[in-house]
Amino acid sequence: MTEIPITHLTLYKHGVAYFQRQAEVSGEQVELTFRVEEMNDVLKSLTAIDQGGGRVLSINYATPQSREERLAGSSVRLEDDRSLQDLVVSLRGRPVRLVLDQAETIEGRLVGIDEVPDRQPLDTSLVSILIANTERVETVALGRLRGVEILDERAAGDLRFFLDTALTQENYRRVVVHLTPGDHDLAVGYVAPAPTWRVSYRLVAEKEDTDRGRALLLGWGIFDNRLEEDLEGISLSLVAGMPISFLYDLYTPFTPERPVVKEEARVAAAPVEFAEADQFAGAEPPGMTLGAGVSMARMMKAPSPAAAMAEPRKRAMRREDVAGAALVSTSGESLGELFQYVIGTPVTVGRGHSAMVPIVSADLKYRKDLLYNGAKMPTHPVATLRLENESGLTLERGPVTVIEEGEYVGEAVLPFTMEGGEIVVPYAVELGARIGEDSGSRRETRGLIVEKAYFHFEDWDIRWREYRVTDRTGKGLTVLIEHPRTVHYSLFDTPEAKERTDEHMRFEVDVPARGEAALLVQERRLVRRREALRDQSFQGLQRYLQEGLLDRAAYDRVAEILGLIGRITENENKIAEADKERDKIYKAQQQIQGNMGALGATGKEGALRARYVAELETGQDRLQALAAEEAEVKKAIERLQGQLEDKLK
């Protein structure tokens with residue numbers, strides 16, 4: 001059975017690869033072998049095309065069962081160390097033709113085998129056969145047997161099935177592509193799980209002045225060959241981005257459970273009617289349009305290794321040394337939301353090996369900054385190289401080693417960067433600068449509006465943070481401080497930010513040699529609240545006047561209103577006091593009436609009874625006076641309320 005090799009491999013970042021196999025083949029079958037765990041992705045994506053004019057008829061694969069499960073219905077079962085004996089036992093009752101030594105043949109139905117448990121079972125065991133068209137059974141020594149011709153097609157099929165099953169390994173599955181007879185130019189593509197490719201960078205920087213220079217960015221793509229075959233001279237593509245991918249179980253047979261429906265009487269109780277259905281039409285999905293491609297290729301001649309090693313201390317690693325160390329022939333192609341590195345040279349990787357291929361070589365201008373973000377690195381700023389991605393490629397995320405003036409100075413993680421975007425490489429902590437922070441918040445009243453019975457305040461909710469930068473290098477330095485952007489807050493009384501990102505503002509702070517500099521960042525947002533006018537005090541009113549929130553005319557009008565509210569409150573307090581006094585009189589009268597019920601009408605009891613009556617009369621007079629006073633107070637309250645409403649209007 002013909003096999004076809006891998007010719008192209010596309011690796012992605014989410015754990016899959018797209019394989020393309022192609023070859024000119026003859027015959028009617030092509031075999032592919034996959035791991036069991038790859039089968040779901042293969043069945044989801046496998047495409048076979050005959051580009052030579054023939055046709056692909058079908059694609060077959062073994063049902064996912066263990067070897068014992070697949071052989072459960074087979075009449076032929078052979079052990080590894082006694083396959084001939086087991087074959088004779090399995091063919092019992094089947095028509096066969098036995099080929100013996102001396103070119104003798106016997107045809108009939110196998111009766112069985114009598115095995116003798118000694119050291120030479122082939123010489124002593126006997127095979128019994130019912131001779132065709134007779135009633136005679138003959139026996140022959142198993143050792144004389146030279147061949148067995150199976151005359152029963154089912155038995156022959158079971159033997160072929162057993163041998164095919166024995167060929168299949170438990171951890172692998174064979175997929176067979178069936179073709180029309182003749183020659184074929186067959187191409188097969190499919191997706192299968194694969195280790196994600198990675199990228200590592202080298203950034204070789206050379207200064208042109210204090211904080212600027214040029215740097216060579218060299219990127220290497222790393223991938224692994226976990227296949228059971230060598231990859232020889234294949235074309236390779238590495239795709240950056242995040243395509244959607246998932247597992248869908250197409251390999252495991254699935255038989256859904258169906259509900260059990262019992263037989264029922266088929267007598268309609270009455271005529272049944274249904275409403276007319278609305279017509280509908282489906283729409284085909286739109287096609288995919290690929291983005292325009294972007295290409296980049298760099299080829300530089302490498303210097304002599306002997307010359308490079310001649311003076312190791314005088315000649316450090318330079319940009320041109322690194323640029324010539326590896327041939328980079330990579331083109332970049334935009335795939336809409338993805339970006340593809342197409343390796344321009346054939347790649348060969350042996351089975352069980354990994355490889356590094358150069359994918360990026362770009363000479364870029366850089367600027368060095370000290371960036372500080374207390375949430376990421378407290379106390380000290382970070383030395384950072386900042387470059388514009390002019391490589392013509394989208395750069396995948398990966399570690400980068402920084403070489404400056406021929407020496408290793410640190411490492412970082414280069415972020416995913418589109419072509420034309422900024423690359424920020426923080427590679428070392430600047431211990432010569434120390435930064436401290438202090439923060440707080442406060443409320444300040446911005447404005448006051450008096451409307452009807454309420455004071456409407458506009459307050460500034462203020463947050464502030466102070467950064468204090470100290471130079472210990474003795475040379476002076478400039479630090480870019482990252483301050484988080486807060487939604488709905490705006491800056492005030494703060495220096496203009498030099499740069500802005502989606503999440504931060506960057507402020508530049510110049511620090512003198514062995515000196516200190518401070519940056520105060522203040523942000524505020526407007527908050528509105530209201531308070532009832534009756535809850536105000538004359539002391540608060542005077543403060544608002546002093547702070548300029550109220551002018552004198554407004555103050556006088558509000559003070560007059562507060563005076564009316566105060567008088568209303570005094571009268572309400574009088575009513576409350578009268579209610580308390582009335583309750584005391586009621587309780588005293590109830591007690592007196594209770595005491596009078598036990599007293600007689602003559603003597604001392606009569607005198608006490610007369611005194612109680614006088615007290616009841618006095619209490620009643622007071623109740624009437626309270627009622628009159630309360631009526632007057634309520635009239636005064638109504639009059640004051642009317643004046644208050646007029647003032648509020």
# chains A, B, ... in the order shown; residues from 1 in each chain; ligands from 1
call {"tool": "closest_atom_pairs", "arguments": {"of": "stretch 113-211 of chain A", "to": "stretch 220-233 of chain A", "cutoff": "12 Å", "atoms": "only C-alpha atoms", "output": "Markdown table"}}
result
| residue | atom | partner | partner_atom | distance |
| --- | --- | --- | --- | --- |
| A:Tyr172 | CA | A:Glu228 | CA | 10.7 |
| A:Ala192 | CA | A:Leu227 | CA | 10.7 |
| A:Pro193 | CA | A:Arg226 | CA | 10.1 |
| A:Ala194 | CA | A:Arg226 | CA | 7.6 |
| A:Pro195 | CA | A:Asp224 | CA | 6.7 |
| A:Thr196 | CA | A:Phe223 | CA | 7.2 |
| A:Trp197 | CA | A:Phe223 | CA | 4.8 |
| A:Arg198 | CA | A:Ile222 | CA | 5.1 |
| A:Val199 | CA | A:Gly221 | CA | 4.5 |
| A:Ser200 | CA | A:Trp220 | CA | 5.4 |
| A:Tyr201 | CA | A:Trp220 | CA | 6.3 |
| A:Arg202 | CA | A:Trp220 | CA | 8.6 |
| A:Leu203 | CA | A:Trp220 | CA | 11.8 |
call {"tool": "write_last_selection", "arguments": {"atoms": "N, CA and C atoms", "output": "tab-separated table (two decimals), in the first residue's frame"}}
result
chain	number	residue	atom	x	y	z
A	172	TYR	N	-2.32	3.61	17.36
A	172	TYR	CA	-2.36	4.22	16.04
A	172	TYR	C	-3.55	3.70	15.25
A	192	ALA	N	-3.96	18.49	12.59
A	192	ALA	CA	-3.71	17.52	13.67
A	192	ALA	C	-3.02	18.24	14.82
A	193	PRO	N	-3.17	17.71	16.04
A	193	PRO	CA	-2.48	18.34	17.18
A	193	PRO	C	-0.96	18.37	16.97
A	194	ALA	N	-0.35	19.44	17.40
A	194	ALA	CA	1.11	19.58	17.29
A	194	ALA	C	1.57	20.57	18.34
A	195	PRO	N	2.79	20.41	18.86
A	195	PRO	CA	3.30	21.40	19.82
A	195	PRO	C	3.35	22.78	19.19
A	196	THR	N	3.01	23.80	19.97
A	196	THR	CA	3.04	25.16	19.46
A	196	THR	C	4.47	25.55	19.09
A	197	TRP	N	4.60	26.33	18.05
A	197	TRP	CA	5.93	26.86	17.73
A	197	TRP	C	6.21	28.05	18.63
A	198	ARG	N	7.46	28.28	18.90
A	198	ARG	CA	7.87	29.38	19.75
A	198	ARG	C	8.86	30.25	18.99
A	199	VAL	N	9.13	31.40	19.52
A	199	VAL	CA	10.09	32.30	18.89
A	199	VAL	C	10.99	32.89	19.97
A	200	SER	N	12.25	33.03	19.66
A	200	SER	CA	13.19	33.71	20.55
A	200	SER	C	13.95	34.74	19.73
A	201	TYR	N	14.26	35.87	20.39
A	201	TYR	CA	14.88	36.99	19.70
A	201	TYR	C	16.23	37.31	20.31
A	202	ARG	N	17.08	37.92	19.50
A	202	ARG	CA	18.32	38.53	19.96
A	202	ARG	C	18.28	40.00	19.51
A	203	LEU	N	18.59	40.89	20.41
A	203	LEU	CA	18.60	42.32	20.10
A	203	LEU	C	20.01	42.83	20.37
call {"tool": "residues_around", "arguments": {"residues": "A:Gln643", "least_positions_apart": "5", "cutoff": "9 Å", "atoms": "only C-alpha atoms", "output": "NGL selection string"}}
result
:A and (561 or 564 or 638 or 648)
call {"tool": "write_last_selection", "arguments": {"atoms": "C-alpha atoms", "output": "PDB file, in the first residue's frame"}}
result
ATOM      1  CA  ILE A 561     -35.942  81.372  55.102  1.00  0.00           C
ATOM      2  CA  LEU A 564     -38.934  81.180  59.206  1.00  0.00           C
ATOM      3  CA  GLU A 638     -49.926  77.845  58.999  1.00  0.00           C
ATOM      4  CA  LEU A 648     -39.201  79.462  48.449  1.00  0.00           C
TER       5      LEU A 648
END
call {"tool": "residues_around", "arguments": {"residues": "stretch 34-37 of chain A", "least_positions_apart": "4", "cutoff": "7 Å", "atoms": "only C-alpha atoms", "output": "list in words"}}
result
Asn171, Tyr172, Arg173 and Arg174 of chain A
call {"tool": "atom_distance", "arguments": {"atom1": "atom CA of A:Pro512", "atom2": "atom CA of A:Gly436"}}
result
16.5 Å
call {"tool": "atom_distance", "arguments": {"atom1": "atom CA of A:Leu431", "atom2": "atom CA of A:His380"}}
result
6.2 Å
call {"tool": "atom_distance", "arguments": {"atom1": "atom CA of A:Val469", "atom2": "atom CA of A:Gly440"}}
result
18.4 Å
call {"tool": "residues_around", "arguments": {"residues": "A:Asp101", "least_positions_apart": "5", "cutoff": "7 Å", "atoms": "only C-alpha atoms", "output": "PDB file with C-alpha atoms, in the first residue's frame"}}
result
ATOM      1  CA  ARG A 144       3.691 -33.181   6.900  1.00  0.00           C
ATOM      2  CA  LEU A 145       1.552 -30.100   6.349  1.00  0.00           C
ATOM      3  CA  ARG A 146       3.075 -27.702   3.784  1.00  0.00           C
TER       4      ARG A 146
END
call {"tool": "residues_around", "arguments": {"residues": "A:Ile575", "least_positions_apart": "6", "cutoff": "9 Å", "atoms": "only C-alpha atoms", "output": "list in words"}}
result
Glu629, Glu630, Val633 and Lys634 of chain A
call {"tool": "write_last_selection", "arguments": {"atoms": "C-alpha atoms", "output": "PDB file, in the first residue's frame"}}
result
ATOM      1  CA  GLU A 629     -53.028  77.473  72.928  1.00  0.00           C
ATOM      2  CA  GLU A 630     -52.498  74.642  70.445  1.00  0.00           C
ATOM      3  CA  VAL A 633     -49.857  77.839  67.611  1.00  0.00           C
ATOM      4  CA  LYS A 634     -51.213  75.867  64.642  1.00  0.00           C
TER       5      LYS A 634
END
call {"tool": "closest_residue", "arguments": {"among": "A:Glu499, A:Glu149, A:Glu430, A:Asp551", "to": "A:Arg472", "atoms": "only C-alpha atoms"}}
result
A:Glu430
call {"tool": "residues_around", "arguments": {"residues": "A:Leu626", "least_positions_apart": "5", "cutoff": "10 Å", "atoms": "only C-alpha atoms", "output": "MDAnalysis selection string"}}
result
chainID A and resid 575 578:579 581:582 620:621 631:632
call {"tool": "residues_around", "arguments": {"residues": "A:His504", "least_positions_apart": "6", "cutoff": "7 Å", "atoms": "only C-alpha atoms", "output": "JSON, numbers by chain"}}
result
{"A": [482, 483, 484, 485]}
call {"tool": "select_by_dssp", "arguments": {"residues": "stretch 8-144 of chain A", "states": "helix (DSSP H, G or I)", "output": "number ranges by chain"}}
result
A: 36-45, 67-70, 83-90, 101-103, 121-124, 142-144
call {"tool": "closest_residue", "arguments": {"among": "A:Gln624, A:Gln51, A:Gln593, A:Gln20", "to": "A:Thr7", "atoms": "only C-alpha atoms"}}
result
A:Gln20
call {"tool": "decode", "arguments": {"residues": "stretch 162-228 of chain A", "atoms": "C-alpha atoms", "output": "PDB file, in the first residue's frame"}}
result
ATOM      1  CA  PHE A 162      -7.439 -10.954  11.724  1.00  0.00           C
ATOM      2  CA  LEU A 163      -4.197 -10.203   9.899  1.00  0.00           C
ATOM      3  CA  ASP A 164      -5.291  -6.592   9.165  1.00  0.00           C
ATOM      4  CA  THR A 165      -6.281  -6.127  12.788  1.00  0.00           C
ATOM      5  CA  ALA A 166      -2.982  -7.578  14.005  1.00  0.00           C
ATOM      6  CA  LEU A 167      -1.184  -5.073  11.770  1.00  0.00           C
ATOM      7  CA  THR A 168      -2.918  -2.132  13.484  1.00  0.00           C
ATOM      8  CA  GLN A 169      -1.186  -0.901  16.658  1.00  0.00           C
ATOM      9  CA  GLU A 170      -3.332  -0.028  19.649  1.00  0.00           C
ATOM     10  CA  ASN A 171      -2.093   3.588  19.772  1.00  0.00           C
ATOM     11  CA  TYR A 172      -2.361   4.224  16.044  1.00  0.00           C
ATOM     12  CA  ARG A 173      -5.079   4.107  13.416  1.00  0.00           C
ATOM     13  CA  ARG A 174      -4.762   3.586   9.679  1.00  0.00           C
ATOM     14  CA  VAL A 175      -6.697   5.735   7.249  1.00  0.00           C
ATOM     15  CA  VAL A 176      -6.937   4.382   3.710  1.00  0.00           C
ATOM     16  CA  VAL A 177      -7.718   6.599   0.714  1.00  0.00           C
ATOM     17  CA  HIS A 178      -9.370   4.575  -2.067  1.00  0.00           C
ATOM     18  CA  LEU A 179      -8.751   5.781  -5.631  1.00  0.00           C
ATOM     19  CA  THR A 180      -9.807   4.923  -9.150  1.00  0.00           C
ATOM     20  CA  PRO A 181      -7.351   2.631 -11.008  1.00  0.00           C
ATOM     21  CA  GLY A 182      -4.330   4.251 -12.691  1.00  0.00           C
ATOM     22  CA  ASP A 183      -1.815   6.988 -11.922  1.00  0.00           C
ATOM     23  CA  HIS A 184      -2.597   9.858  -9.575  1.00  0.00           C
ATOM     24  CA  ASP A 185      -1.139  13.188  -8.455  1.00  0.00           C
ATOM     25  CA  LEU A 186      -2.596  13.010  -4.949  1.00  0.00           C
ATOM     26  CA  ALA A 187      -2.661  15.931  -2.475  1.00  0.00           C
ATOM     27  CA  VAL A 188      -3.878  15.393   1.097  1.00  0.00           C
ATOM     28  CA  GLY A 189      -4.337  18.130   3.718  1.00  0.00           C
ATOM     29  CA  TYR A 190      -5.460  17.879   7.327  1.00  0.00           C
ATOM     30  CA  VAL A 191      -5.197  19.476  10.770  1.00  0.00           C
ATOM     31  CA  ALA A 192      -3.711  17.521  13.666  1.00  0.00           C
ATOM     32  CA  PRO A 193      -2.475  18.344  17.184  1.00  0.00           C
ATOM     33  CA  ALA A 194       1.109  19.582  17.290  1.00  0.00           C
ATOM     34  CA  PRO A 195       3.303  21.396  19.819  1.00  0.00           C
ATOM     35  CA  THR A 196       3.040  25.159  19.457  1.00  0.00           C
ATOM     36  CA  TRP A 197       5.925  26.859  17.728  1.00  0.00           C
ATOM     37  CA  ARG A 198       7.871  29.384  19.750  1.00  0.00           C
ATOM     38  CA  VAL A 199      10.092  32.301  18.893  1.00  0.00           C
ATOM     39  CA  SER A 200      13.188  33.715  20.555  1.00  0.00           C
ATOM     40  CA  TYR A 201      14.882  36.991  19.700  1.00  0.00           C
ATOM     41  CA  ARG A 202      18.315  38.535  19.962  1.00  0.00           C
ATOM     42  CA  LEU A 203      18.599  42.323  20.100  1.00  0.00           C
ATOM     43  CA  VAL A 204      22.150  43.523  19.413  1.00  0.00           C
ATOM     44  CA  ALA A 205      22.328  47.262  20.186  1.00  0.00           C
ATOM     45  CA  GLU A 206      25.086  49.745  19.392  1.00  0.00           C
ATOM     46  CA  LYS A 207      24.987  53.322  20.731  1.00  0.00           C
ATOM     47  CA  GLU A 208      25.196  56.369  18.503  1.00  0.00           C
ATOM     48  CA  ASP A 209      24.818  58.818  21.422  1.00  0.00           C
ATOM     49  CA  THR A 210      23.785  58.647  25.083  1.00  0.00           C
ATOM     50  CA  ASP A 211      20.279  57.272  24.639  1.00  0.00           C
ATOM     51  CA  ARG A 212      19.955  56.482  20.924  1.00  0.00           C
ATOM     52  CA  GLY A 213      21.449  54.011  18.479  1.00  0.00           C
ATOM     53  CA  ARG A 214      20.726  51.150  16.110  1.00  0.00           C
ATOM     54  CA  ALA A 215      19.921  47.556  16.984  1.00  0.00           C
ATOM     55  CA  LEU A 216      19.734  44.334  14.994  1.00  0.00           C
ATOM     56  CA  LEU A 217      16.632  42.308  15.823  1.00  0.00           C
ATOM     57  CA  LEU A 218      17.127  38.645  14.952  1.00  0.00           C
ATOM     58  CA  GLY A 219      14.295  36.184  15.510  1.00  0.00           C
ATOM     59  CA  TRP A 220      14.392  32.365  15.466  1.00  0.00           C
ATOM     60  CA  GLY A 221      11.316  30.175  15.138  1.00  0.00           C
ATOM     61  CA  ILE A 222      11.492  26.946  17.185  1.00  0.00           C
ATOM     62  CA  PHE A 223       9.399  23.857  16.452  1.00  0.00           C
ATOM     63  CA  ASP A 224       9.399  20.123  17.235  1.00  0.00           C
ATOM     64  CA  ASN A 225       8.979  17.033  15.049  1.00  0.00           C
ATOM     65  CA  ARG A 226       6.860  14.618  17.074  1.00  0.00           C
ATOM     66  CA  LEU A 227       5.809  12.661  14.009  1.00  0.00           C
ATOM     67  CA  GLU A 228       6.778   9.066  13.327  1.00  0.00           C
TER      68      GLU A 228
END
